[in-house]
Each structure stands twice: as C-alpha cells, then as structure tokens.
Protein chains: 4
Amino acid sequence: MPKDTFLNLPEEKRRLIEEVSLDEFAEFGFNNASINRIVTAAGIAKGSFYQYFEDKADVFMHIVAVVGQKKAEYISPVLLNPEDHDFFTLLEELYRSGLAFTKDHPKASKIGFEIFNNQTNLLLDDLFQENRRSGYAFFNPLIDKAIARGEIDPDIDKPFIIHMLLEMQVASIKFFLQNNEKGSLDDDIMPTIHLMLNFIKNGIHAKNKENHPND
Amino acid sequence: MPKDTFLNLPEEKRRLIEEVSLDEFAEFGFNNASINRIVTAAGIAKGSFYQYFEDKADVFMHIVAVVGQKKAEYISPVLLNPEDHDFFTLLEELYRSGLAFTKDHPKASKIGFEIFNNQTNLLLDDLFQENRRSGYAFFNPLIDKAIARGEIDPDIDKPFIIHMLLEMQVASIKFFLQNNEKGSLDDDIMPTIHLMLNFIKNGIHAKNKENHPND
Amino acid sequence: MPKDTFLNLPEEKRRLIEEVSLDEFAEFGFNNASINRIVTAAGIAKGSFYQYFEDKADVFMHIVAVVGQKKAEYISPVLLNPEDHDFFTLLEELYRSGLAFTKDHPKASKIGFEIFNNQTNLLLDDLFQENRRSGYAFFNPLIDKAIARGEIDPDIDKPFIIHMLLEMQVASIKFFLQNNEKGSLDDDIMPTIHLMLNFIKNGIHAKNKENHPND
Amino acid sequence: MPKDTFLNLPEEKRRLIEEVSLDEFAEFGFNNASINRIVTAAGIAKGSFYQYFEDKADVFMHIVAVVGQKKAEYISPVLLNPEDHDFFTLLEELYRSGLAFTKDHPKASKIGFEIFNNQTNLLLDDLFQENRRSGYAFFNPLIDKAIARGEIDPDIDKPFIIHMLLEMQVASIKFFLQNNEKGSLDDDIMPTIHLMLNFIKNGIHAKNKENHPND
DNA sequence: CATGAATGAGCTTTCATTCAT
DNA sequence: GATGAATGAAAGCTCATTCAT
C-alpha cells in the first residue's frame with residue numbers, strides 16, 4: 001500500500017504519477033517496468049518515489065487497485081440487482097462493461113491481461129488467484145438460479161462453464177482489440193457482444209431452425 | 001536463425017543446449033531469461049553461445065521452431081486428411097493433439113502460452129501474428145466445408161468463430177492444467193475435450209431435449 | 001551539541017528520542033545507524049530531528065554523553081576518595097563499576113565498545129583519544145602513590161601499565177559477556193573481577209607458594 | 001570463494017585488485033567499503049568485478065584469506081615445535097610474530113582488528129568465532145603442559161587465561177601502534193613484547209625481590 | 001517549534017553482448 | 001570452432017540532509 005506521503009500529495013501530482021506508472025506497466029509489464037523511467041517521466045526524484053511507495057510491487061498493486069476502481073465504475077446497475085434479470089441479460093451486461101472499460105482505458109486493460117495470463121510471477125499469480133476466486137463466487141449462484149429457471153442446460157459441468165465464461169470475457173476483449181484498431185471509426189462494441197452471447201448460448205452447431213423460433 | 005556453427009555441433013551437445021534453453025525460457029519467459037544461466041547450465045562458454053546464435057532472440061526463435069516440430073509430431077493423421085471427416089471430429093482431434101502435447105511437454109507448452117498472451121514484446125508479437133495467420137488458414141476452408149455440409153450454423157460470423165476456435169484450444173489447455181495438478185492420477189484429457197466440444201457445439205442454453213435426441 | 005530546541009523538549013519526549021537513538025547506535029553502530037529508523041521509531045518528523053540535532057554525529061555525541069552520565073552513577077564512592085584505599089581495592093571498585101554498568105545497560109556498553117575499538121571513523125577516534133587521556137589522568141597519580149606505598153612493583157613501565165589497566169577493564173567486560181549469556185542465572189560479576197585482579201596482581205607464573213601465603 | 005575468472009587473472013592484475021580491496025576494507029571496514037571505489041581504484045569495470053567475485057562478502061573473505069596467508073609466513077619455526085620450548089618462550093614468539101606482521105602490514109592488521117572487535121556484522125562474527133576456537137585449540141594443550149612442567153600457576157582458571165592471552169596479543173599490538181607512529185625511527189617491537197611478557201608472568205604487584213632472583 | 005515532502009548521490013548487483021586469443 | 005575476460009548501462013533501492021510551510 002502506498003505510504004501516506006503519496007496519499008497526501010496534491011491530487012494533480014498523484015494523478016500524474018499514477019498515469020505515468022500505469023503507462024509504464026502497460027507498456028513493459030511488471031518485470032520489465034523501470035522505476036527509473038517512471039521517475040523521469042513523472043519528473044520526480046528517485047528518492048521521492050520511494051517516499052511514496054515501498055517498492056516496485058507496491059506501486060504495481062496500487063495501480064491495479066486504481067484500475068479496479070476505474071473498472072468498477074463501469075459495472076452496470078443491472079449487475080447489482082441480478083435477481084431481476086435473466087442470466088443472459090446479466091452476462092451481456094457484464095461483457096458490455098468489460099468491453100466498454102477496455103475501449104476507454106486500453107492501457108489499464110493491458111494490465112488486467114498481464115495478470116490473467118501470467119505464467120512466471122508470484123505477485124501476479126496472487127492477483128490472478130484472487131481474481132479467479134471472485135469470478136467463481138460471482139458466477140456460481142447466478143448459474144444455479146439460471147438452471148432452476150430453465151435458462152441454462154442443467155447438464156453442464158459447472159466449474160468448466162464458469163471457467164469458460166471468464167475466459168469468454170477475455171476472448172471478447174481480445175477479439176474487439178484485434179479487429180478495432182485504436183481510433184477506428186467502427187469501434188462499436190455491441191456486435192462483438194452479440195456474437196459472443198450467441199456463441200455461448202447456442203454454440204456453432206447447425207440448428208433445425210423451425211424448432212427454435214425464438215432467439 | 002542459429003549460425004552454421006550450431007547446426008554443425010554434435011547432436012548431443014546441440015540437444016543439451018536446446019533443452020537447457022527451453023527450460024530457461026519456460027521458467028522465466030523471454031525477457032527474464034538469462035543467457036548467463038543458459039551457458040552455465042549447458043556448460044558452454046559465453047563466447048561459444050554467441051558463436052551459435054546471433055543473440056537472445058535468435059535462440060528463442062530456434063527453440064520456438066523446435067517446439068513447433070515437437071508439436072507437429074502430435075498432429076493426428078486424421079487432421080492430414082480433413083476431407084474424410086466431419087468438422088467436429090477434426091476439431092476434437094485438433095484439441096486432443098494440443099492437450100496431449102501439453103501433457104507430455106508442459107515446458108514447451110508454456111512457451112506457446114507466452115507467445116499467445118504476449119502484450120509487450122515485439123518479437124513475440126511477430127510470432128503471435130504468424131500463428132494467428134496459420135490458424136486462420138487452417139480453419140477457413142474447414143468451416144466453409146462444414147457449413148456446406150450442414151454441420152455448422154451458416155449464420156455464424158466466420159472471423160469471430162475462427163478467433164473463438166483458436167481461443168478455445170488455449171482455454172481447454174488452461175482448464176486442464178488448472179484442474180489436473182502435475183502428477184495427478186486423474187490426468188485424462190478426454191473429459192476436458194468432450195466438455196469443450198459440447199460447449200462449442202451447443203452452447204449452454206437450455207434445450208428442448210425431445211427435439212435433439214442425438215448428442 | 002543538541003540544539004536548544006531539543007533541550008527544551010518535555011522530558012518524556014527527550015528521553016524517548018534518546019532511548020531510541022541509543023538502541024539504534026547499539027544495534028547498528030555509528031556508520032550504519034539510520035536516521036530514518038530513529039525518527040520512525042521515535043514517532044517524530046524527520047524535520048524535527050534536524051531541529052534538535054545538527055546531524056548524525058550530533059545525536060551520537062549526545063548519546064555518548066548520556067551514556068557517560070549513566071556510567072558516572074555507577075562510580076563507587078570508594079573511587080571518589082582514592083586516598084583512603086589501597087590500589088587494588090580501587091582497581092576492584094573500578095572494574096566492578098564497569099561490569100555492573102554493562103550488566104544493567106548492555107546497549108550503552110556496546111556503544112562504549114565501538115568507540116574503544118574504532119579503526120576507521122574520525123569522530124569516534126576523537127572520543128577514543130579523549131577517553132584515553134582521561135583514563136591516563138585517572139591512573140597516573142594512583143600508580144605513583146601505589147608505588148610509593150609499595151603496592152606496585154616500582155620497575156613497571158607506567159605508560160604501558162596504564163594502557164594495560166584500561167585494556168583489562170574492557171577485557172573483563174568481554175569475558176563476562178562471552179561467558180554469561182543474556183538472562184543467564186549465573187550472572188554474578190564477582191568471579192570475573194577476582195580472576196582479573198589476581199591476573200593483574202600476580203600474573204600466571206608459577207609461584208613458590210610458601211613464600212606468598214596471602215592471596 | 002573468488003571465481004576461476006579471478007584466479008586465472010595475470011598475477012599482476014590479481015595483486016592489484018587484492019591490494020586495492022585490502023586498502024578499501026582497511027580504511028572503511030566491511031560495511032562501508034565501496035565496490036564502486038574498489039573498481040575505480042583498480043581501473044576495472046564494475047561488471048568485471050562481479051566476474052571475479054560473487055559479491056562483497058566474497059572479496060572480503062578472499063582478502064581475509066590472503067591476510068591469513070601473509071600472517072602465516074610470520075609464524076616462527078619455534079611455534080611449530082612447541083614441545084621443545086618452555087611456555088613463555090612460545091608466548092614471546094607468538095606475540096613477536098603478531099607484532100612483526102602488524103609492523104610490516106598495518107592495513108592487513110586493521111582487518112584483523114575489525115573481525116576481533118566486531119559487534120554487529122554476522123559475517124564478521126563467523127570469522128571471529130572461528131578465530132576464537134582456533135585460538136583456544138592452540139593454547140589449551142600448551143597450558144596443560146606448562147602447568148605440568150611447573151611453568152604456570154596450576155590454580156589459574158584456564159578459560160579465563162586463554163581469553164586473556166588472546167586479548168593480550170591484541171593489546172600488545174594496540175600499544176605498539178599507539179606509541180610508534182608510522183615511520184617512527186624507534187619502531188622496535190621487542191620492548192613491547194618484554195613489557196607484555198613480564199606483565200603476564202608476574203603481574204604488577206610489588207615483589208619481595210630476594211625470593212625471585214631470576215627474571 | 002513541527003512538519004514531511006523533496007532531493008540526488010550513492011549503494012550492490014545483473015545483464016546481453018563483444019572481442020582478442 | 002572454442003574460450004572467457006571485459007564492458008558499462010541499467011536495475012531496484014537507501015541514505016542523510018534541506019527547506020518551504
């Protein structure tokens with residue numbers, strides 16, 4: 001956790017340091033991020049940096065927290081009242097919030113990716129595990145309800161499906177980023193979401209259309 | 001590409017260097033891999049290393065190629081005659097080969113993950129792009145045929161689905177690895193494959209079972 | 001010398017700062033003592049510290065003075081009336097006071113050791129020289145009298161013997177510390193003192209016992 | 001232990017690095033010695049230094065070993081045949097070798113002092129403990145024999161006396177250094193040794209001369 | 001009298017790469 | 001073809017001290 005020194009800083013300066021750090025971590029990843037570059041870019045002394053943060057991991061965790069807060073702002077109100085909506089509506093809202101966040105904050109999103117894909121770093125692995133746990137805790141009751149309501153096939157393997165739903169969110173973001181260059185005019189996130197929802201709902205198997213008039 | 005000096009090396013020595021390098025890249029990733037450790041572990045002089053390879057990127061590319069060859073050995077004969085089988089059989093064979101390879105060569109697989117998930121490294125991004133292109137080239141004709149044969153829903157968005165089928169392979173490996181600890185007795189890959197195939201085929205939407213007696 | 005700001009501080013606060021500083025210097029020595037740790041441990045602002053003291057050397061000198069005062073409290077009344085006692089009684093009292101002080105204030109004692117053994121630091125060397133001078137001034141008249149009274153062999157080399165008597169005090173403390181672990185039940189200082197006194201008096205040469213019935 | 005890289009260095013270069021390191025450790029002590037200063041003074045690259053030594057502790061240990069070898073050269077042949085001489089002759093030889101070494105190699109001697117007086121450093125404490133053990137092992141049998149031969153008072157406390165004999169060697173060196181400035185004309189070590197021997201043998205108590213005609 | 005942010009030189013150590021032999 | 005010593009930039013981090021408020 002950053003030291004009080006950092007929290008007491010004038011907001012403008014604090015923001016600058018956070019932004020610069022975010023940029024650095026997004027561009028180089030945790031391991032290859034350079035404190036030297038951060039302090040130079042932020043125009044502060046190296047000593048000052050270490051008055052603000054314990055160490056490199058400390059800044060990183062703080063940036064992760066800041067990113068988490070930013071992301072929380074994108075959580076649709078729909079997701080806060082999950083009782084009132086059917087499962088696929090909730091899923092759509094979740095993916096929409098993720099994509100909207102990525103669209104507005106691509107760098108912050110990159111940091112999320114690093115955590116999600118980490119193979120070698122213990123610090124990142126902790127964050128990853130925690131993320132997985134909270135993802136599981138989020139989906140678990142929703143799926144139970146969805147099965148009870150007849151929205152989801154009751155024969156699914158729950159742990160597998162939760163794993164997939166978490167992966168699908170990331171996959172949707174990856175697809176969006178790969179197909180919509182930064183600054184592209186056609187950066188609407190809805191097509192991606194609908195493709196993804198339809199994929200998750202129905203798979204790709206050819207259907208006998210007459211039997212499935214809805215959807 | 002390794003220099004001739006490397007290719008002319010006695011096979012045993014060459015293998016040793018490859019193995020040691022593979023271990024290093026798998027454990028630390030490209031950026032944090034250390035040439036120092038590689039030469040020490042391989043018992044060769046630092047100068048010799050640079051007689052064999054241009055630089056760090058050169059070894060890495062070579063190791064990637066070696067991994068690619070190893071992986072090719074796992075490609076089922078079924079996949080070489082794609083005409084003779086239906087799409088989902090081919091997909092199952094593809095995923096099975098991927099999982100079998102991961103199970104036998106977890107370190108090599110880790111390197112594949114790093115490429116697939118890379119965010120920050122230009123070299124890795126080149127490999128990633130090439131991998132995507134070849135994945136697209138593999139799936140594109142198969143999907144066309146599968147649609148023609150009525151195996152796949154013709155309404156799908158082809159680029160999206162190809163993206164997803166590639167992602168699903170990685171997702172299946174991740175799921176397998178997360179649920180089957182190293183040395184676990186229950187390390188059968190088939191359950192994972194069937195869960196994944198069913199997911200891709202049918203999605204998770206509740207089905208009117210009477211209408212779909214098969215599968 | 002501490003600034004007036006320090007001397008005007010409420011006693012409790014002053015004591016706290018002194019104690020914390022003493023601990024720091026005892027544990028890490030002068031060079032490796034950290035002002036950062038001191039202000040943190042004392043719960044004062046770094047700026048405040050430099051309102052109280054000129055610099056690191058200034059606190060250290062003050063702590064040395066405080067230690068000196070503490071040590072003065074252990075000086076036996078016997079030593080204040082040196083006329084009334086024979087030399088070896090005075091020596092015993094001196095060593096007893098040194099050992100008693102060390103036993104009660106091991107940390108303060110450690111600082112004394114650092115000064116006594118210093119090789120590299122100019123500041124410490126000043127303190128050492130001063131200590132030597134005062135030690136010489138203390139012993140010089142006592143030895144003259146002791147020789148006059150026939151207590152000490154008149155053939156000794158006075159500067160050498162004074163050097164040795166000072167060293168012996170430190171040696172007795174070292175011996176005591178090495179043989180009586182902290183918290184040991186058997187932490188009586190008298191055996192050490194008697195061993196030392198006998199050593200200084202008689203040396204280790206085998207004596208013709210009949211001729212020296214006393215002692 | 002230094003790496004082979006260092007041992008394979010041309011002798012001249014190796015000597016230079018050793019000398020420079022010795023100077024640095026003698027002047028600043030282990031903790032405050034600076035690798036930066038060493039490499040600058042030796043005219044080598046910082047990277048080269050770390051090709052030669054594992055770390056700071058590694059150079060220091062090596063320098064200690066070099067000093068130990070230098071010191072071993074001063075061990076008089078008399079000390080190698082302890083059977084053939086009486087105890088005080090051996091002691092005189094021991095102290096003479098120590099003083100002669102100090103006289104010729106004052107910097108090397110300073111490093112010995114740092115180990116002997118160390119209060120805070122774990123690495124140095126290990127060296128100190130080992131030094132004490134070997135000192136004890138050296139004196140223990142000598143004292144037994146000396147008592148058996150009637151040279152030493154049988155009533156002495158052996159551990160105490162060994163402690164003192166070790167301290168006396170250091171004390172003799174300190175006395176010599178304090179009284180014979182570097183480059184002094186009068187730098188004969190024998191007076192110091194005889195003063196010390198007499199002190200250890202007979203103490204300072206006034207003697208009835210008729211009973212002790214010898215010495 | 002108190003505060004604590006700011007400073008930058010300094011620390012030890014690691015790194016990929018070069019090059020003379 | 002093999003060797004391994006040399007390099008210096010860069011890394012993360014600590015330090016005593018200053019100074020504006």
# chains A, B, ... in the order shown; residues from 1 in each chain; ligands from 1
$ residues_around --residues "stretch 118-123 of chain D" --least-positions-apart "6" --cutoff "9 Å" --atoms "only C-alpha atoms (C1' of nucleotides)" --output "PyMOL selection string"
(chain C and resi 26-29+110+113-114+117) or (chain D and resi 30-31+57)
$ write_last_selection --atoms "N, CA and C atoms" --output "compact mmCIF listing (two decimals), in the first residue's frame"
# COMPACT_ATOMS: atom_id res chain seq x y z
N ALA C 26 23.45 1.23 19.23
CA ALA C 26 23.95 -0.01 19.80
C ALA C 26 23.81 -1.15 18.81
N GLU C 27 22.68 -1.17 18.11
CA GLU C 27 22.43 -2.31 17.22
C GLU C 27 23.24 -2.22 15.92
N PHE C 28 23.38 -1.02 15.39
CA PHE C 28 23.96 -0.91 14.04
C PHE C 28 25.32 -0.22 14.00
N GLY C 29 25.73 0.36 15.10
CA GLY C 29 26.97 1.12 15.06
C GLY C 29 26.72 2.49 14.44
N LYS C 110 27.64 -1.33 24.61
CA LYS C 110 28.05 -1.63 23.23
C LYS C 110 28.62 -0.39 22.54
N PHE C 113 32.07 0.13 23.55
CA PHE C 113 32.95 -0.77 22.82
C PHE C 113 33.29 -0.22 21.44
N GLU C 114 32.25 0.29 20.78
CA GLU C 114 32.50 0.77 19.41
C GLU C 114 33.57 1.87 19.42
N ASN C 117 37.06 0.40 20.15
CA ASN C 117 37.64 -0.45 19.11
C ASN C 117 37.71 0.19 17.74
N PHE D 30 34.22 -3.37 6.61
CA PHE D 30 33.46 -4.16 5.64
C PHE D 30 32.19 -3.44 5.19
N ASN D 31 31.41 -3.00 6.13
CA ASN D 31 30.11 -2.42 5.77
C ASN D 31 30.25 -1.18 4.89
N ALA D 57 30.88 -9.84 0.11
CA ALA D 57 31.35 -10.77 1.13
C ALA D 57 32.45 -11.67 0.55
$ residues_around --residues "stretch 41-56 of chain D" --least-positions-apart "6" --cutoff "6 Å" --atoms "only C-alpha atoms (C1' of nucleotides)" --output "list in words"
Pro2, Lys3, Thr5, Phe6 and Ile17 of chain D
$ select_by_dssp --residues "stretch 2-168 of chain C" --states "alpha helix (DSSP H)" --output "MDAnalysis selection string"
chainID C and resid 4:7 11:32 35:42 46:52 56:72 77:80 87:104 106:117 122:148 158:168
$ write_last_selection --atoms "C-alpha atoms" --output "CSV table (one decimal), in the first residue's frame"
chain,number,residue,atom,x,y,z
C,4,ASP,CA,18.2,24.3,22.4
C,5,THR,CA,15.0,23.0,20.8
C,6,PHE,CA,16.0,19.6,22.0
C,7,LEU,CA,16.8,20.6,25.5
C,11,GLU,CA,11.4,15.3,29.4
C,12,GLU,CA,9.4,12.3,28.3
C,13,LYS,CA,9.9,13.1,24.6
C,14,ARG,CA,13.5,13.8,25.1
C,15,ARG,CA,14.0,10.5,26.9
C,16,LEU,CA,12.2,8.6,24.2
C,17,ILE,CA,14.4,10.1,21.5
C,18,GLU,CA,17.5,9.3,23.5
C,19,GLU,CA,16.4,5.8,24.1
C,20,VAL,CA,15.5,5.1,20.5
C,21,SER,CA,18.8,6.6,19.3
C,22,LEU,CA,20.7,4.6,21.9
C,23,ASP,CA,19.1,1.4,20.6
C,24,GLU,CA,19.8,2.3,17.0
C,25,PHE,CA,23.5,3.1,17.6
C,26,ALA,CA,24.0,0.0,19.8
C,27,GLU,CA,22.4,-2.3,17.2
C,28,PHE,CA,24.0,-0.9,14.0
C,29,GLY,CA,27.0,1.1,15.1
C,30,PHE,CA,27.5,4.8,14.1
C,31,ASN,CA,28.0,4.4,10.4
C,32,ASN,CA,25.1,2.0,9.8
C,35,ILE,CA,18.2,8.4,11.0
C,36,ASN,CA,15.2,7.2,9.1
C,37,ARG,CA,14.7,4.3,11.6
C,38,ILE,CA,15.3,6.6,14.5
C,39,VAL,CA,12.7,9.1,13.6
C,40,THR,CA,10.2,6.4,12.7
C,41,ALA,CA,10.8,4.6,16.0
C,42,ALA,CA,10.6,7.8,18.0
C,46,LYS,CA,12.4,14.0,10.1
C,47,GLY,CA,12.4,17.7,10.1
C,48,SER,CA,12.0,17.8,13.8
C,49,PHE,CA,15.0,15.6,14.2
C,50,TYR,CA,17.1,18.2,12.4
C,51,GLN,CA,15.6,20.9,14.6
C,52,TYR,CA,17.0,19.1,17.6
C,56,LYS,CA,24.0,12.3,12.8
C,57,ALA,CA,27.3,13.0,14.6
C,58,ASP,CA,25.5,15.4,16.9
C,59,VAL,CA,23.0,12.8,18.2
C,60,PHE,CA,25.7,10.3,18.6
C,61,MET,CA,27.8,12.6,20.7
C,62,HIS,CA,24.8,13.4,22.8
C,63,ILE,CA,24.0,9.8,23.3
C,64,VAL,CA,27.6,9.2,24.3
C,65,ALA,CA,27.3,12.0,26.8
C,66,VAL,CA,24.1,10.5,28.2
C,67,VAL,CA,25.8,7.1,28.5
C,68,GLY,CA,28.7,8.8,30.2
C,69,GLN,CA,26.3,10.2,32.8
C,70,LYS,CA,24.7,6.9,33.4
C,71,LYS,CA,28.0,5.3,33.8
C,72,ALA,CA,29.1,8.0,36.3
C,77,PRO,CA,32.1,6.3,46.5
C,78,VAL,CA,35.3,4.5,47.2
C,79,LEU,CA,36.7,5.8,43.9
C,80,LEU,CA,35.9,9.4,45.0
C,87,PHE,CA,45.5,0.5,44.8
C,88,PHE,CA,44.0,-2.9,44.2
C,89,THR,CA,40.9,-2.1,46.2
C,90,LEU,CA,40.4,0.9,43.9
C,91,LEU,CA,41.0,-1.2,40.9
C,92,GLU,CA,38.5,-3.7,42.0
C,93,GLU,CA,35.9,-1.0,42.6
C,94,LEU,CA,36.6,0.4,39.1
C,95,TYR,CA,36.2,-2.9,37.4
C,96,ARG,CA,33.2,-3.7,39.5
C,97,SER,CA,31.5,-0.4,38.5
C,98,GLY,CA,32.3,-1.1,34.8
C,99,LEU,CA,30.9,-4.6,34.9
C,100,ALA,CA,27.8,-3.6,36.9
C,101,PHE,CA,27.1,-0.9,34.4
C,102,THR,CA,27.5,-3.3,31.5
C,103,LYS,CA,25.2,-5.8,33.2
C,104,ASP,CA,22.5,-3.2,33.7
C,106,PRO,CA,24.3,-3.7,27.8
C,107,LYS,CA,23.3,-1.4,24.9
C,108,ALA,CA,25.0,1.6,26.4
C,109,SER,CA,28.0,-0.6,26.9
C,110,LYS,CA,28.1,-1.6,23.2
C,111,ILE,CA,28.5,2.0,22.2
C,112,GLY,CA,31.5,2.2,24.5
C,113,PHE,CA,33.0,-0.8,22.8
C,114,GLU,CA,32.5,0.8,19.4
C,115,ILE,CA,34.4,3.8,20.5
C,116,PHE,CA,37.1,1.8,22.1
C,117,ASN,CA,37.6,-0.5,19.1
C,122,LEU,CA,37.4,10.1,12.8
C,123,LEU,CA,34.6,11.2,15.0
C,124,LEU,CA,34.9,8.0,17.1
C,125,ASP,CA,38.6,8.4,17.2
C,126,ASP,CA,38.2,11.8,18.9
C,127,LEU,CA,36.1,10.3,21.5
C,128,PHE,CA,38.6,7.5,21.9
C,129,GLN,CA,41.5,9.8,22.3
C,130,GLU,CA,39.7,11.8,24.9
C,131,ASN,CA,38.8,8.7,26.8
C,132,ARG,CA,42.4,7.6,26.8
C,133,ARG,CA,43.5,10.9,28.1
C,134,SER,CA,41.1,10.8,30.9
C,135,GLY,CA,42.0,7.2,31.7
C,136,TYR,CA,45.6,8.2,31.8
C,137,ALA,CA,44.8,11.2,34.1
C,138,PHE,CA,42.9,8.9,36.4
C,139,PHE,CA,45.5,6.2,36.7
C,140,ASN,CA,48.7,8.3,36.7
C,141,PRO,CA,48.6,9.7,40.3
C,142,LEU,CA,47.1,6.4,41.6
C,143,ILE,CA,50.0,4.5,40.3
C,144,ASP,CA,52.6,6.9,41.7
C,145,LYS,CA,51.0,6.6,45.1
C,146,ALA,CA,50.8,2.8,44.9
C,147,ILE,CA,54.4,2.6,44.0
C,148,ALA,CA,55.3,4.9,46.9
C,158,LYS,CA,54.0,3.4,33.7
C,159,PRO,CA,52.5,4.2,30.2
C,160,PHE,CA,52.4,0.6,29.4
C,161,ILE,CA,50.7,-0.4,32.6
C,162,ILE,CA,48.1,2.3,32.3
C,163,HIS,CA,47.4,1.1,28.7
C,164,MET,CA,47.0,-2.4,30.1
C,165,LEU,CA,44.8,-1.4,33.0
C,166,LEU,CA,42.5,0.3,30.6
C,167,GLU,CA,42.5,-2.7,28.3
C,168,MET,CA,41.9,-5.0,31.2
$ interface_residues --of "chain E" --to "chain B" --cutoff "9 Å" --atoms "only C-alpha atoms (C1' of nucleotides)" --output "list in words"
DC15, DA16, DT17 and DT18 of chain E
$ write_last_selection --atoms "C-alpha atoms (C1' of nucleotides)" --output "mmCIF file, in the first residue's frame"
data_model
loop_
_atom_site.group_PDB
_atom_site.id
_atom_site.type_symbol
_atom_site.label_atom_id
_atom_site.label_comp_id
_atom_site.auth_asym_id
_atom_site.auth_seq_id
_atom_site.Cartn_x
_atom_site.Cartn_y
_atom_site.Cartn_z
ATOM 1 C "C1'" DC E 15 22.605 -8.115 -17.913
ATOM 2 C "C1'" DA E 16 23.402 -9.094 -23.042
ATOM 3 C "C1'" DT E 17 26.935 -8.611 -25.823
ATOM 4 C "C1'" DT E 18 31.940 -8.040 -27.787
#
$ closest_atom_pairs --of "chain D" --to "chain C" --cutoff "6 Å" --atoms "only C-alpha atoms" --output "tab-separated table"
residue	atom	partner	partner_atom	distance
D:Glu27	CA	C:Thr120	CA	5.8
D:Phe28	CA	C:Thr120	CA	5.7
D:Glu151	CA	C:Ala206	CA	5.5
D:Ile152	CA	C:Ala206	CA	4.4
D:Asp153	CA	C:Ala206	CA	3.8
D:Ile200	CA	C:Gly203	CA	4.8
D:Lys201	CA	C:Gly203	CA	4.6
D:Asn202	CA	C:Gly203	CA	4.2
D:Gly203	CA	C:Gly203	CA	4.1
D:Ile204	CA	C:Lys201	CA	5.1
D:His205	CA	C:Ile152	CA	4.7
D:Ala206	CA	C:Asp153	CA	3.8
$ atom_distance --atom1 "atom CA of C:Ala33" --atom2 "atom C1' of E:DT14"
28.0 Å
$ interface_residues --of "chain F" --to "chain C" --cutoff "9 Å" --atoms "only C-alpha atoms (C1' of nucleotides)" --output "list of chain:residue names"
F:DC15, F:DA16, F:DT17, F:DT18
$ atom_distance --atom1 "atom C1' of F:DT14" --atom2 "atom CA of D:Met1"
27.7 Å
$ atom_distance --atom1 "atom C1' of E:DC19" --atom2 "atom C1' of F:DG8"
15.4 Å
